[in-house]
Amino acid sequence: MEVNGYLPNSERMNFEDILASDPDLTEEENVIFMLDDGVPAIAKKVCTRKASCYVGTMDKYSDILEYPKAVTYKSLSLLLNEDRIVFIDVRNASELQDPGQIPGSVHLPLFDIPEAFLLSDNDFKEKYSFEKPSTTDKNVVLTCRSGRRIQVANRRLQALGYNHLRLYYGSFKDWVRNGGEVIKNVD
């Protein structure tokens with residue numbers, strides 16, 4: 001869910017738990033089970049009845065997918081590895097030197113928000129060296145040192161219409177605690 005998103009009004013549940021709690025659910029025509037790849041045995045149990053099943057990527061639903069606000073270390077690692085997010089570090093520039101930064105992050109200090117997002121796309125890119133996210137982007141994750149500054153940044157950006165921002169609440173401290181790589185900014 002954190003990585004691939006989910007459809008609005010859907011629930012993520014273990015399939016075996018679903019069948020145990022409501023075995024008749026597979027007989028309803030308005031139910032669609034979205035199954036992870038590699039679950040053909042489970043598909044045989046439900047896809048032959050009235051319920052529909054879908055196995056595959058969520059790409060075709062990207063315009064309606066939703067994502068949880070919080071991003072965990074494990075999901076963040078995968079998203080960064082697959083280059084699927086814009087990961088904005090809102091700490092001060094000095095903090096990128098010591099203690100360092102998370103690889104794959106871009107820097108935009110909290111004190112520049114919201115003014116930075118009022119710049120033209122070209123001016124923003126020239127000043128911050130990455131593309132300005134649009135208000136409809138769902139792949140923007142904020143980080144800081146401990147999770148406090150991202151909440152301030154989130155509030156400021158929501159006032160500008162950025163309603164899909166995601167937050168790495170554990171931020172830099174959580175990244176280090178989980179053994180994540182740290183790089184020193186070499187401006």
# chains A, B, ... in the order shown; residues from 1 in each chain; ligands from 1
call {"tool": "select_by_dssp", "arguments": {"residues": "stretch 34-176 of chain A", "states": "strand (DSSP E or B)", "output": "NGL selection string"}}
result
:A and (34-35 or 52-55 or 66 or 70 or 86-89 or 101 or 105-107 or 140-143 or 166-167)
call {"tool": "residues_around", "arguments": {"residues": "A:Asp137", "least_positions_apart": "5", "cutoff": "10 Å", "atoms": "only C-alpha atoms", "output": "list in words"}}
result
Asp63, Ile85, Val86, Tyr162, Asn163, His164 and Leu165 of chain A
call {"tool": "write_last_selection", "arguments": {"atoms": "N, CA and C atoms", "output": "PDB file, in the first residue's frame"}}
result
ATOM      1  N   ASP A  63      -4.081   7.359 -11.889  1.00  0.00           N
ATOM      2  CA  ASP A  63      -4.773   8.645 -11.714  1.00  0.00           C
ATOM      3  C   ASP A  63      -5.734   8.647 -10.527  1.00  0.00           C
ATOM      4  N   ILE A  85      10.024   8.355  -6.211  1.00  0.00           N
ATOM      5  CA  ILE A  85       9.549   9.488  -5.430  1.00  0.00           C
ATOM      6  C   ILE A  85      10.473  10.694  -5.584  1.00  0.00           C
ATOM      7  N   VAL A  86       9.932  11.847  -5.233  1.00  0.00           N
ATOM      8  CA  VAL A  86      10.736  13.046  -5.009  1.00  0.00           C
ATOM      9  C   VAL A  86      10.827  13.141  -3.489  1.00  0.00           C
ATOM     10  N   TYR A 162      -1.125  21.504  -2.040  1.00  0.00           N
ATOM     11  CA  TYR A 162      -0.378  20.236  -2.061  1.00  0.00           C
ATOM     12  C   TYR A 162      -1.018  19.296  -1.040  1.00  0.00           C
ATOM     13  N   ASN A 163      -2.020  18.569  -1.482  1.00  0.00           N
ATOM     14  CA  ASN A 163      -2.802  17.731  -0.574  1.00  0.00           C
ATOM     15  C   ASN A 163      -2.445  16.247  -0.629  1.00  0.00           C
ATOM     16  N   HIS A 164      -1.421  15.895  -1.411  1.00  0.00           N
ATOM     17  CA  HIS A 164      -1.045  14.487  -1.534  1.00  0.00           C
ATOM     18  C   HIS A 164       0.352  14.210  -0.991  1.00  0.00           C
ATOM     19  N   LEU A 165       0.928  15.149  -0.257  1.00  0.00           N
ATOM     20  CA  LEU A 165       2.277  14.954   0.268  1.00  0.00           C
ATOM     21  C   LEU A 165       2.300  13.779   1.231  1.00  0.00           C
TER      22      LEU A 165
END
call {"tool": "residues_around", "arguments": {"residues": "stretch 124-131 of chain A", "least_positions_apart": "6", "cutoff": "12 Å", "atoms": "only C-alpha atoms", "output": "list in words"}}
result
Ile85, Val86, Phe87, Ile88, Asp89, Val90, Ala93, Gly104, Ser105, Val106, His107, Leu108, Pro109, Asp112, Ile113, Pro114, Glu115, Ala116, Phe117, Leu118, Asp137 and Val140 of chain A
call {"tool": "closest_residue", "arguments": {"among": "A:Thr136, A:Gln101, A:Asn9, A:Thr57", "to": "A:Val176", "atoms": "only C-alpha atoms"}}
result
A:Gln101
call {"tool": "closest_residue", "arguments": {"among": "A:Ser146, A:Asn92, A:Ser120, A:Ser77", "to": "A:Val3", "atoms": "only C-alpha atoms"}}
result
A:Ser77
call {"tool": "atom_distance", "arguments": {"atom1": "atom CA of A:Gln151", "atom2": "atom CA of A:Ser75"}}
result
19.4 Å
call {"tool": "closest_residue", "arguments": {"among": "A:Val182, A:Leu80, A:Leu110, A:Glu66", "to": "A:Arg155", "atoms": "only C-alpha atoms"}}
result
A:Leu110
call {"tool": "residues_around", "arguments": {"residues": "stretch 170-174 of chain A", "least_positions_apart": "5", "cutoff": "12 Å", "atoms": "only C-alpha atoms", "output": "ChimeraX atom specification"}}
result
/A:70-74,76-77,87-91,95-96,98-103,105,141-151,179-183
call {"tool": "write_last_selection", "arguments": {"atoms": "C-alpha atoms", "output": "PDB file, in the first residue's frame"}}
result
ATOM      1  CA  ALA A  70       3.057   7.928   6.477  1.00  0.00           C
ATOM      2  CA  VAL A  71       6.005   6.239   4.811  1.00  0.00           C
ATOM      3  CA  THR A  72       8.076   3.678   6.717  1.00  0.00           C
ATOM      4  CA  TYR A  73      11.789   2.975   6.420  1.00  0.00           C
ATOM      5  CA  LYS A  74      11.201  -0.254   4.504  1.00  0.00           C
ATOM      6  CA  LEU A  76      11.064   4.425   1.637  1.00  0.00           C
ATOM      7  CA  SER A  77      14.094   2.251   0.881  1.00  0.00           C
ATOM      8  CA  PHE A  87      12.261  12.911  -1.542  1.00  0.00           C
ATOM      9  CA  ILE A  88      12.589  16.425  -0.117  1.00  0.00           C
ATOM     10  CA  ASP A  89      14.808  17.073   2.908  1.00  0.00           C
ATOM     11  CA  VAL A  90      13.676  20.278   4.654  1.00  0.00           C
ATOM     12  CA  ARG A  91      16.584  20.531   7.102  1.00  0.00           C
ATOM     13  CA  GLU A  95      22.764  19.431   8.517  1.00  0.00           C
ATOM     14  CA  LEU A  96      23.485  17.906   5.114  1.00  0.00           C
ATOM     15  CA  ASP A  98      26.886  16.928   9.528  1.00  0.00           C
ATOM     16  CA  PRO A  99      25.344  14.495  10.196  1.00  0.00           C
ATOM     17  CA  GLY A 100      24.716  13.954   6.446  1.00  0.00           C
ATOM     18  CA  GLN A 101      21.766  13.154   4.211  1.00  0.00           C
ATOM     19  CA  ILE A 102      19.806  10.216   2.918  1.00  0.00           C
ATOM     20  CA  PRO A 103      20.927   9.210  -0.599  1.00  0.00           C
ATOM     21  CA  SER A 105      17.025  13.143  -1.253  1.00  0.00           C
ATOM     22  CA  VAL A 141       7.799  12.551   0.422  1.00  0.00           C
ATOM     23  CA  LEU A 142       9.133  15.000   3.025  1.00  0.00           C
ATOM     24  CA  THR A 143      11.873  14.301   5.559  1.00  0.00           C
ATOM     25  CA  CYS A 144      13.777  16.244   8.214  1.00  0.00           C
ATOM     26  CA  ARG A 145      15.789  15.262  11.310  1.00  0.00           C
ATOM     27  CA  SER A 146      13.129  13.862  13.620  1.00  0.00           C
ATOM     28  CA  GLY A 147       9.732  14.438  12.003  1.00  0.00           C
ATOM     29  CA  ARG A 148       8.744  17.835  13.407  1.00  0.00           C
ATOM     30  CA  ARG A 149       9.736  20.141  10.561  1.00  0.00           C
ATOM     31  CA  ILE A 150       8.000  18.000   7.932  1.00  0.00           C
ATOM     32  CA  GLN A 151       4.715  18.623   9.700  1.00  0.00           C
ATOM     33  CA  GLY A 179      21.057   1.179   9.284  1.00  0.00           C
ATOM     34  CA  GLY A 180      20.342   3.305   6.219  1.00  0.00           C
ATOM     35  CA  GLU A 181      23.258   4.718   4.265  1.00  0.00           C
ATOM     36  CA  VAL A 182      24.194   8.335   4.946  1.00  0.00           C
ATOM     37  CA  ILE A 183      26.158  10.578   2.601  1.00  0.00           C
TER      38      ILE A 183
END
call {"tool": "atom_distance", "arguments": {"atom1": "atom CA of A:Asp121", "atom2": "atom CA of A:Thr135"}}
result
12.4 Å
call {"tool": "closest_residue", "arguments": {"among": "A:Ser134, A:Lys60, A:Tyr54, A:Leu65", "to": "A:Leu7", "atoms": "only C-alpha atoms"}}
result
A:Leu65
call {"tool": "atom_distance", "arguments": {"atom1": "atom CA of A:Pro68", "atom2": "atom CA of A:Glu2"}}
result
6.0 Å
call {"tool": "closest_residue", "arguments": {"among": "A:Gly5, A:Lys184, A:Lys138, A:Phe111", "to": "A:Arg156", "atoms": "only C-alpha atoms"}}
result
A:Phe111
